[in-house]
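As provided, protein-v9.cif (mmCIF, C-alpha atoms) reads as follows.
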data_structure
#
loop_
_atom_site.label_atom_id
_atom_site.label_comp_id
_atom_site.auth_asym_id
_atom_site.auth_seq_id
_atom_site.Cartn_x
_atom_site.Cartn_y
_atom_site.Cartn_z
CA MET K 1 45.45 73.95 190.11
CA SER K 2 43.73 76.94 191.70
CA ALA K 3 44.52 78.84 194.84
CA GLU K 4 42.84 77.46 197.93
CA LEU K 5 43.02 77.30 201.70
CA GLN K 6 43.26 73.69 202.81
CA ALA K 7 41.99 72.64 206.24
CA SER K 8 43.05 69.50 208.10
CA ARG K 9 43.15 68.20 211.65
CA GLN K 10 45.86 66.63 213.76
CA ASP K 11 44.50 65.69 217.16
CA ALA K 12 43.22 68.93 218.76
CA THR K 13 44.92 71.20 216.22
CA LEU K 14 43.34 72.69 213.11
CA ILE K 15 45.89 73.24 210.31
CA LEU K 16 45.15 75.87 207.67
CA THR K 17 47.42 75.62 204.64
CA MET K 18 47.66 78.33 202.00
CA SER K 19 48.12 76.69 198.61
CA ASN K 20 48.67 78.36 195.26
CA PRO K 21 50.90 76.06 193.17
CA GLY K 22 53.30 77.84 190.85
CA ALA K 23 52.75 81.19 192.57
CA ARG K 24 54.53 80.56 195.88
CA ASN K 25 51.19 80.49 197.66
CA ALA K 26 50.20 83.99 196.57
CA LEU K 27 46.93 85.08 198.14
CA HIS K 28 43.56 84.94 196.41
CA PRO K 29 40.13 86.25 197.48
CA ASP K 30 38.82 82.67 197.63
CA MET K 31 41.25 82.05 200.51
CA TYR K 32 39.86 84.97 202.50
CA ALA K 33 36.28 83.70 202.56
CA ALA K 34 37.38 80.13 203.32
CA ALA K 35 39.59 81.29 206.20
CA ILE K 36 36.87 83.40 207.80
CA GLU K 37 34.35 80.57 207.59
CA THR K 38 36.78 77.93 208.86
CA LEU K 39 37.93 80.03 211.81
CA SER K 40 34.32 80.78 212.71
CA THR K 41 33.61 77.05 212.77
CA ALA K 42 36.75 76.40 214.84
CA GLU K 43 35.63 79.00 217.38
CA ARG K 44 32.51 76.92 218.11
CA ASP K 45 34.28 73.55 218.11
CA GLU K 46 35.47 72.76 221.64
CA SER K 47 37.56 69.84 220.36
CA ILE K 48 39.87 72.31 218.60
CA ARG K 49 42.40 73.76 221.04
CA ALA K 50 44.80 75.50 218.65
CA VAL K 51 45.12 76.61 215.03
CA ILE K 52 48.20 76.60 212.80
CA LEU K 53 48.54 78.75 209.67
CA THR K 54 51.15 77.56 207.20
CA GLY K 55 51.90 77.32 203.48
CA ALA K 56 52.11 74.40 201.09
CA ASP K 57 55.35 73.08 199.59
CA GLN K 58 57.59 74.58 202.29
CA VAL K 59 56.73 78.18 201.38
CA PHE K 60 54.57 80.33 203.65
CA CYS K 61 53.12 83.02 201.37
CA SER K 62 54.45 85.42 198.74
CA GLY K 63 51.69 87.96 199.39
CA GLY K 64 49.37 89.45 196.80
CA ASN K 65 49.32 88.26 193.20
CA LEU K 66 50.77 91.13 191.16
CA ASN K 67 49.10 89.97 187.94
CA ARG K 68 45.70 90.11 189.64
CA LEU K 69 46.52 93.52 191.09
CA LEU K 70 47.50 94.77 187.64
CA GLU K 71 44.18 93.52 186.25
CA ASN K 72 42.33 95.34 189.03
CA ARG K 73 43.77 98.65 187.80
CA SER K 74 41.35 98.42 184.86
CA LYS K 75 38.39 97.89 187.18
CA PRO K 76 36.61 100.34 189.49
CA PRO K 77 38.59 101.07 192.69
CA ALA K 78 35.78 99.48 194.68
CA VAL K 79 36.87 96.06 193.38
CA GLN K 80 40.26 96.27 195.08
CA ALA K 81 38.75 97.93 198.14
CA GLU K 82 36.38 94.98 198.58
CA SER K 83 39.26 92.53 198.25
CA ILE K 84 41.21 94.34 200.97
CA ASP K 85 38.13 94.41 203.21
CA ASN K 86 37.93 90.62 202.88
CA LEU K 87 41.64 90.25 203.68
CA HIS K 88 41.12 92.41 206.74
CA GLY K 89 38.20 90.17 207.69
CA TRP K 90 40.64 87.25 207.73
CA ILE K 91 43.09 89.21 209.88
CA GLU K 92 40.30 90.07 212.32
CA ALA K 93 39.16 86.44 212.41
CA ILE K 94 42.68 85.40 213.48
CA ARG K 95 42.77 88.05 216.20
CA ASP K 96 39.26 87.29 217.41
CA CYS K 97 39.67 83.51 217.38
CA PRO K 98 39.54 82.35 221.03
CA LYS K 99 42.08 79.60 220.28
CA PRO K 100 45.81 80.37 220.00
CA VAL K 101 46.87 80.73 216.36
CA ILE K 102 50.44 79.77 215.44
CA ALA K 103 52.14 80.76 212.17
CA ALA K 104 54.53 78.08 210.88
CA VAL K 105 56.74 79.94 208.40
CA GLU K 106 59.14 78.45 205.88
CA ASP K 107 61.02 80.21 203.07
CA THR K 108 59.13 83.50 202.59
CA ALA K 109 56.42 85.57 204.23
CA ALA K 110 56.02 88.60 201.97
CA GLY K 111 53.60 91.50 201.92
CA ALA K 112 50.19 90.39 203.15
CA GLY K 113 51.76 87.01 203.94
CA PHE K 114 53.92 88.81 206.51
CA SER K 115 50.78 90.58 207.76
CA LEU K 116 49.05 87.24 208.28
CA ALA K 117 52.00 85.92 210.27
CA LEU K 118 52.00 89.06 212.42
CA ALA K 119 48.29 88.64 213.11
CA CYS K 120 48.94 85.23 214.64
CA ASP K 121 49.56 84.90 218.36
CA LEU K 122 52.82 82.98 217.95
CA ILE K 123 55.35 82.55 215.14
CA VAL K 124 57.62 79.56 214.51
CA ALA K 125 60.01 80.04 211.60
CA GLY K 126 62.67 78.09 209.76
CA ALA K 127 66.15 79.52 210.24
CA SER K 128 66.37 80.69 206.61
CA ALA K 129 62.85 82.11 206.45
CA LYS K 130 62.62 85.66 205.10
CA PHE K 131 60.03 88.23 206.12
CA VAL K 132 59.57 91.22 203.85
CA MET K 133 57.19 94.16 203.59
CA SER K 134 57.76 94.52 199.87
CA TYR K 135 54.97 96.98 199.08
CA VAL K 136 57.25 99.95 198.53
CA LYS K 137 59.22 98.00 195.92
CA VAL K 138 56.17 98.01 193.62
CA GLY K 139 54.83 101.46 194.51
CA LEU K 140 52.20 100.24 196.95
CA THR K 141 51.42 100.72 200.64
CA PRO K 142 50.79 98.07 203.32
CA ASP K 143 47.51 96.30 203.98
CA GLY K 144 46.50 93.45 206.26
CA GLY K 145 47.31 95.58 209.29
CA ALA K 146 51.03 95.45 208.50
CA SER K 147 51.80 99.03 209.52
CA TRP K 148 49.70 98.60 212.71
CA PHE K 149 51.41 95.38 213.81
CA ILE K 150 54.94 96.47 212.93
CA THR K 151 54.75 99.85 214.68
CA ARG K 152 53.52 98.15 217.85
CA ALA K 153 56.11 95.39 217.75
CA LEU K 154 59.18 97.53 217.03
CA PRO K 155 60.63 100.92 217.97
CA ARG K 156 59.49 103.58 215.50
CA GLN K 157 62.80 103.81 213.65
CA LEU K 158 63.05 100.05 213.16
CA ALA K 159 59.43 99.88 212.03
CA ALA K 160 60.11 102.64 209.52
CA GLU K 161 63.16 100.76 208.24
CA VAL K 162 61.21 97.55 207.64
CA LEU K 163 58.33 99.35 205.93
CA LEU K 164 60.24 102.01 203.98
CA GLU K 165 63.12 99.90 202.67
CA GLY K 166 61.13 96.80 201.79
CA LYS K 167 64.16 94.59 202.30
CA PRO K 168 63.93 90.99 203.60
CA VAL K 169 64.58 90.41 207.29
CA LEU K 170 65.69 86.94 208.30
CA ALA K 171 63.94 84.96 211.02
CA PRO K 172 66.89 85.07 213.47
CA ARG K 173 66.88 88.89 213.33
CA LEU K 174 63.14 89.03 213.99
CA HIS K 175 63.66 86.58 216.84
CA GLU K 176 66.16 88.99 218.38
CA LEU K 177 63.59 91.78 217.99
CA GLY K 178 60.87 89.75 219.66
CA ILE K 179 58.58 89.22 216.66
CA VAL K 180 59.40 85.58 215.91
CA ASN K 181 59.00 83.33 218.95
CA ARG K 182 61.04 80.31 217.87
CA VAL K 183 63.60 79.74 215.13
CA VAL K 184 63.94 76.10 214.14
CA ALA K 185 65.76 74.04 211.53
CA ASP K 186 64.54 74.66 208.00
CA GLY K 187 61.75 72.30 207.04
CA THR K 188 60.62 71.69 210.63
CA ALA K 189 58.47 74.77 211.34
CA LEU K 190 55.18 72.90 211.01
CA ASP K 191 56.34 69.96 213.15
CA ASN K 192 57.54 72.35 215.84
CA ALA K 193 54.32 74.34 215.66
CA LEU K 194 52.31 71.12 216.05
CA ALA K 195 54.34 70.14 219.11
CA TRP K 196 53.75 73.59 220.60
CA ALA K 197 50.04 73.33 219.84
CA ASP K 198 49.95 70.00 221.67
CA ASP K 199 51.49 71.66 224.73
CA LEU K 200 48.91 74.46 224.59
CA ALA K 201 46.08 71.94 224.21
CA ALA K 202 46.89 70.62 227.70
CA LEU K 203 46.20 74.03 229.27
CA SER K 204 42.90 75.60 230.28
CA PRO K 205 40.96 76.63 227.16
CA ASN K 206 38.91 79.09 229.21
CA ALA K 207 42.00 80.82 230.60
CA MET K 208 43.67 80.83 227.19
CA GLU K 209 40.68 82.47 225.53
CA ARG K 210 40.53 85.15 228.22
CA ILE K 211 44.29 85.81 228.14
CA LYS K 212 44.16 86.27 224.37
CA SER K 213 41.29 88.71 224.81
CA LEU K 214 43.22 90.63 227.46
CA THR K 215 46.33 90.94 225.31
CA ASN K 216 44.22 92.32 222.46
CA GLU K 217 42.48 94.78 224.78
CA ALA K 218 45.79 95.92 226.27
CA LEU K 219 46.77 97.42 222.91
CA VAL K 220 43.94 99.92 223.01
CA ASN K 221 42.63 100.29 226.58
CA PRO K 222 43.99 102.73 229.20
CA LEU K 223 45.35 101.11 232.36
CA GLY K 224 42.36 101.94 234.56
CA GLN K 225 39.95 100.35 232.11
CA HIS K 226 42.26 97.37 231.77
CA PHE K 227 42.26 96.87 235.55
CA GLU K 228 38.50 96.43 235.37
CA SER K 229 38.79 93.97 232.51
CA GLU K 230 41.41 91.94 234.36
CA LYS K 231 39.23 91.87 237.47
CA ARG K 232 36.21 90.65 235.53
CA HIS K 233 38.14 87.90 233.73
CA PHE K 234 39.82 86.74 236.96
CA VAL K 235 36.59 86.50 238.94
CA GLU K 236 34.76 84.76 236.10
CA SER K 237 37.68 82.37 235.61
CA LEU K 238 37.76 81.51 239.32
CA HIS K 239 34.16 80.37 239.10
CA HIS K 240 34.72 78.42 235.86
CA ARG K 241 35.15 74.64 235.94
CA ASP K 242 38.72 74.96 234.58
CA ALA K 243 39.87 76.77 237.73
CA LEU K 244 38.41 74.06 239.93
CA GLU K 245 40.27 71.42 237.95
CA GLY K 246 43.50 73.41 237.73
CA ILE K 247 43.68 74.34 241.41
CA SER K 248 42.66 70.86 242.53
CA ALA K 249 45.25 69.23 240.30
CA PHE K 250 47.99 71.52 241.62
CA LEU K 251 47.11 70.79 245.25
CA GLU K 252 46.83 67.07 244.53
CA LYS K 253 50.15 67.09 242.64
CA ARG K 254 48.73 65.69 239.42
CA LYS K 255 48.29 66.92 235.86
CA PRO K 256 45.02 68.76 235.21
CA GLN K 257 42.56 67.28 232.73
CA TYR K 258 40.64 70.08 231.04
CA LYS K 259 37.50 69.26 229.04
#
Here is the file; what I need is its structure written in the form of structure tokens.
Amino acid sequence: MSAELQASRQDATLILTMSNPGARNALHPDMYAAAIETLSTAERDESIRAVILTGADQVFCSGGNLNRLLENRSKPPAVQAESIDNLHGWIEAIRDCPKPVIAAVEDTAAGAGFSLALACDLIVAGASAKFVMSYVKVGLTPDGGASWFITRALPRQLAAEVLLEGKPVLAPRLHELGIVNRVVADGTALDNALAWADDLAALSPNAMERIKSLTNEALVNPLGQHFESEKRHFVESLHHRDALEGISAFLEKRKPQYK
């Protein structure tokens, strides 16, 4: 069986499952193109309120396939550069997706698999799940935005430790550090992520899209510029149908029904 990205639906949630049997869901370029296309479709589908990224057979993702990387050494450097560009396109698609994206992690998120989890808005992980930036162990450097995400999520010395040592970090430790949102019983990460997605689906999709945009902008914009962005989003949100429904429901002491 070949590597693939499987897409399925459960109610208002799109589930993307990385599958590479026998290789612990190692990544493949075919997955990158499928992910970008599927997320682009989800962006336009108003019936989808959240996206979950997970791995088949209770394993998240072991990262890049070392055999394929070894083969690429005999090819022009542009071959590997193009592959990384496509991976980065997937990372950008996750960040740009207006719907919340939840990583449901079991067993291992290694290398670019860890990067994919970090790109998601929320992370739910099994208690025994291991996260590892293993690049240094094989003489390589991070891709998938790993060094960008880690250095923004952790103090510099802790980020350096994770990246330079290449040792696994367990989910409970990353929960303490604020990277993993929820640690759950092993084998239940997907179920818990689906329940969380259901909760998010009941909230305003317009507000959620704008909040995700604001959190992305906050990483790069100075405060004065961010003030302007917050003002614009607030005013536009106030005049959106979701605000009318949300405010009315609150005043009428009922649950809002967003369309």
Revision key, fill the gap. Computed gap from atom CA of Asn86 of chain K to atom CA of Gly166 of chain K is 24.0 Å
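With all atoms listed in the file as the atoms that count, the minimum distance from Asp186 of chain K to the choices K:Ala129, K:Leu140, K:Val162, K:Leu170 is reached by K:Ala129.
The space between atom CA of Leu69 of chain K and atom CA of Ser83 of chain K spans 10.2 Å.
Close contacts of segment 35-45 of chain K, defined as residues with an atom at most 9 Å away when counting only C-alpha atoms, with chain neighbours fewer than 6 positions off set aside, comprise Leu5, Ala7, Leu14, Leu16, Val51, Asn86, Gly89, Trp90, Ile91, Glu92, Ala93, Ile94, Cys97, Pro98 and Lys99 of chain K.
Counting all atoms listed in the file, the residue from K:Ala26, K:Val124, K:Val59, K:Ala218 that sits nearest to Asp191 of chain K is K:Val124.
Using only C-alpha atoms, the shortest contact distance between Asp11 of chain K and any of K:Lys137, K:Val235, K:Ala202, K:Ser213 is found at K:Ala202.
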**Study point:** Selected residue, from K:Gly55, K:Gly224, K:Pro205, K:Gly111, that lies nearest to Ala146 of chain K when counting only C-alpha atoms
**Key:** K:Gly111
Would you compute, for all listed atoms of segment 209-227 of chain K, the axis-aligned bounding box grown by 8 Å on each side, and then report its centre and edge lengths in Å rounded to one decimal, as lines of an AutoDock Vina configuration file?
center_x = 43.4
center_y = 92.6
center_z = 229.0
size_x = 22.8
size_y = 36.3
size_z = 29.1
Study note, to complete from the structure: Closest of K:Glu165, K:Asp85, K:Glu106, K:Glu236 to Val132 of chain K, counting only C-alpha atoms, is K:Glu165
Practice item. Choose the residue, out of K:Asn67, K:Ala112, K:Asp121, K:Arg156, that has the smallest atom-to-atom separation from Ile84 of chain K; count all atoms listed in the file. Key: K:Ala112
Exercise for review: Evaluate the PyMOL selection byres ((chain K and resi 126) around 10) here and jot the selected residues down as a PyMOL selection string.
Suggested key: chain K and resi 58+104-108+124-125+127-130+170-172+182-190+192
Because some atoms of segment 209-220 of chain K are absent here, can you restore all heavy atoms and send them as a short mmCIF file (atom, residue, chain, number, x, y, z; two decimals), in the frame of the given file?
data_model
loop_
_atom_site.label_atom_id
_atom_site.label_comp_id
_atom_site.auth_asym_id
_atom_site.auth_seq_id
_atom_site.Cartn_x
_atom_site.Cartn_y
_atom_site.Cartn_z
N GLU K 209 41.55 81.55 226.26
CA GLU K 209 40.68 82.47 225.53
C GLU K 209 40.68 83.85 226.19
O GLU K 209 40.77 84.88 225.51
CB GLU K 209 39.26 81.91 225.48
CG GLU K 209 38.27 82.85 224.83
CD GLU K 209 36.87 82.27 224.77
OE1 GLU K 209 36.72 81.05 225.03
OE2 GLU K 209 35.93 83.02 224.45
N ARG K 210 40.59 83.87 227.51
CA ARG K 210 40.53 85.15 228.22
C ARG K 210 41.86 85.90 228.16
O ARG K 210 41.90 87.13 228.05
CB ARG K 210 40.10 84.91 229.67
CG ARG K 210 38.65 84.44 229.80
CD ARG K 210 38.31 84.07 231.23
NE ARG K 210 36.95 83.56 231.36
CZ ARG K 210 35.87 84.34 231.47
NH1 ARG K 210 36.01 85.65 231.48
NH2 ARG K 210 34.67 83.81 231.57
N ILE K 211 42.97 85.16 228.23
CA ILE K 211 44.29 85.81 228.14
C ILE K 211 44.48 86.43 226.76
O ILE K 211 45.00 87.55 226.63
CB ILE K 211 45.40 84.79 228.45
CG1 ILE K 211 45.38 84.44 229.95
CG2 ILE K 211 46.77 85.34 228.06
CD1 ILE K 211 46.26 83.27 230.32
N LYS K 212 44.05 85.71 225.72
CA LYS K 212 44.16 86.27 224.37
C LYS K 212 43.32 87.54 224.25
O LYS K 212 43.77 88.54 223.68
CB LYS K 212 43.73 85.25 223.33
CG LYS K 212 43.82 85.77 221.90
CD LYS K 212 43.69 84.68 220.86
CE LYS K 212 43.76 85.25 219.46
NZ LYS K 212 43.72 84.22 218.41
N SER K 213 42.14 87.52 224.83
CA SER K 213 41.29 88.71 224.81
C SER K 213 41.96 89.87 225.55
O SER K 213 41.95 91.01 225.08
CB SER K 213 39.94 88.39 225.45
OG SER K 213 39.11 89.53 225.50
N LEU K 214 42.55 89.58 226.69
CA LEU K 214 43.22 90.63 227.46
C LEU K 214 44.41 91.23 226.72
O LEU K 214 44.62 92.45 226.76
CB LEU K 214 43.68 90.08 228.82
CG LEU K 214 42.59 89.89 229.88
CD1 LEU K 214 43.12 89.05 231.03
CD2 LEU K 214 42.10 91.25 230.38
N THR K 215 45.18 90.40 226.05
CA THR K 215 46.33 90.94 225.31
C THR K 215 45.88 91.81 224.15
O THR K 215 46.54 92.81 223.82
CB THR K 215 47.24 89.82 224.80
OG1 THR K 215 46.50 88.91 223.99
CG2 THR K 215 47.87 89.05 225.95
N ASN K 216 44.75 91.46 223.52
CA ASN K 216 44.22 92.32 222.46
C ASN K 216 43.72 93.64 223.02
O ASN K 216 43.97 94.71 222.46
CB ASN K 216 43.08 91.60 221.73
CG ASN K 216 43.57 90.50 220.80
OD1 ASN K 216 44.70 90.52 220.35
ND2 ASN K 216 42.71 89.53 220.52
N GLU K 217 43.02 93.57 224.16
CA GLU K 217 42.48 94.78 224.78
C GLU K 217 43.60 95.70 225.27
O GLU K 217 43.45 96.94 225.24
CB GLU K 217 41.58 94.41 225.95
CG GLU K 217 40.28 93.72 225.57
CD GLU K 217 39.51 93.27 226.79
OE1 GLU K 217 39.74 93.81 227.89
OE2 GLU K 217 38.69 92.34 226.66
N ALA K 218 44.70 95.12 225.71
CA ALA K 218 45.79 95.92 226.27
C ALA K 218 46.39 96.87 225.25
O ALA K 218 47.00 97.88 225.62
CB ALA K 218 46.87 95.01 226.83
N LEU K 219 46.22 96.56 223.97
CA LEU K 219 46.77 97.42 222.91
C LEU K 219 46.01 98.73 222.77
O LEU K 219 46.53 99.69 222.22
CB LEU K 219 46.77 96.67 221.57
CG LEU K 219 47.69 95.46 221.46
CD1 LEU K 219 47.39 94.68 220.20
CD2 LEU K 219 49.14 95.91 221.47
N VAL K 220 44.77 98.75 223.26
CA VAL K 220 43.94 99.92 223.01
C VAL K 220 43.36 100.54 224.28
O VAL K 220 42.97 101.71 224.28
CB VAL K 220 42.78 99.58 222.04
CG1 VAL K 220 43.34 99.24 220.67
CG2 VAL K 220 41.94 98.42 222.56
#
